[in-house]
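Undergrad: If you scroll down you'll find the structure; I have some questions about it.
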Amino acid sequence: MPEAAQIIIGIVSLAIVLIFAMLGTGWWTKKICVAIMQELETNGALDEASAMEVPYDKVDYFKMGYRDYRPKALEMLILSDVVCRTEDGRYYLNKDKAAAMQKTQKLK
């Protein structure tokens with residue numbers, strides 16, 4: 001096989017792996033976002049008075065095992081105003097924004 005064909009096959013293979021890795025990370029983060037929203041709703045954290053603390057609001061750099069996507073997913077939910085943070089560091093679900101997000105994103 002010519003050397004140029006091997007290089008092209010290698011580059012295409014690398015691009016395919018990169019695309020699948022990005023799609024997998026996005027899919028997993030979406031699942032974690034849904035889980036965070038369900039946890040807040042299940043615990044009744046729907047307004048500032050009933051807000052709750054979550055153990056994964058900070059990134060733990062020394063944790064062994066699989067990567068924890070929950071801090072990044074929580075940050076994404078805060079940026080989109082689906083989850084709100086109180087001044088004392090507790091979190092609650094904005095029910096209106098969550099319903100709109102579930103409708104547009106087709107989240108379960």
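Residues are named by chain letter and number: chains run A, B, ... in the order of the structure tokens, numbers start at 1 in each chain, and ligands are numbered from 1 in the order shown.
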Pull the closest atom pair for each residue of segment 11-77 of chain A that gets at most 12 Å from segment 81-86 of chain A, along with the distance in Å to one decimal, counting only C-alpha atoms, ordering rows by chain and then ascending residue number, as a tab-separated table.
TA:
residue	atom	partner	partner_atom	distance
A:Cys33	CA	A:Val82	CA	9.9
A:Val34	CA	A:Val82	CA	10.9
A:Ile36	CA	A:Val83	CA	9.1
A:Met37	CA	A:Val83	CA	7.8
A:Gln38	CA	A:Val83	CA	11.3
A:Glu39	CA	A:Val83	CA	11.5
A:Leu40	CA	A:Val83	CA	8.8
A:Glu41	CA	A:Val83	CA	10.6
A:Ala45	CA	A:Val83	CA	9.8
A:Leu46	CA	A:Val83	CA	9.2
A:Asp47	CA	A:Cys84	CA	8.8
A:Glu48	CA	A:Thr86	CA	6.7
A:Ala49	CA	A:Thr86	CA	9.3
A:Ser50	CA	A:Thr86	CA	10.5
A:Ala51	CA	A:Thr86	CA	7.6
A:Met52	CA	A:Thr86	CA	9.4
A:Glu53	CA	A:Arg85	CA	9.6
A:Val54	CA	A:Arg85	CA	10.7
A:Asp57	CA	A:Arg85	CA	10.4
A:Ala73	CA	A:Val83	CA	10.4
A:Leu74	CA	A:Val83	CA	7.6
A:Glu75	CA	A:Val83	CA	8.8
A:Met76	CA	A:Asp81	CA	8.7
A:Leu77	CA	A:Val82	CA	5.3
Undergrad: One decimal, in Å: what's the spacing between atom CA of Tyr69 of chain A and atom CA of Met22 of chain A?
TA: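 Atom CA of Met22 of chain A lies 13.5 Å from atom CA of Tyr69 of chain A.
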Undergrad: Going by DSSP on the backbone, which residues of chain A come out as helix (DSSP H, G or I)? List them as a VMD selection string.
TA: chain A and resid 3 to 42 70 to 79 95 to 105
Undergrad: How would you write, as a ChimeraX atom specification, the set of residues in chain A that DSSP gives as strand (DSSP E or B)?
TA: /A:52,83-85,91-93
Undergrad: Nearest to Leu93 of chain A among A:Val59, A:Ile78, A:Met64, A:Leu18, with distances taken over only C-alpha atoms: which residue is it?
TA: A:Ile78
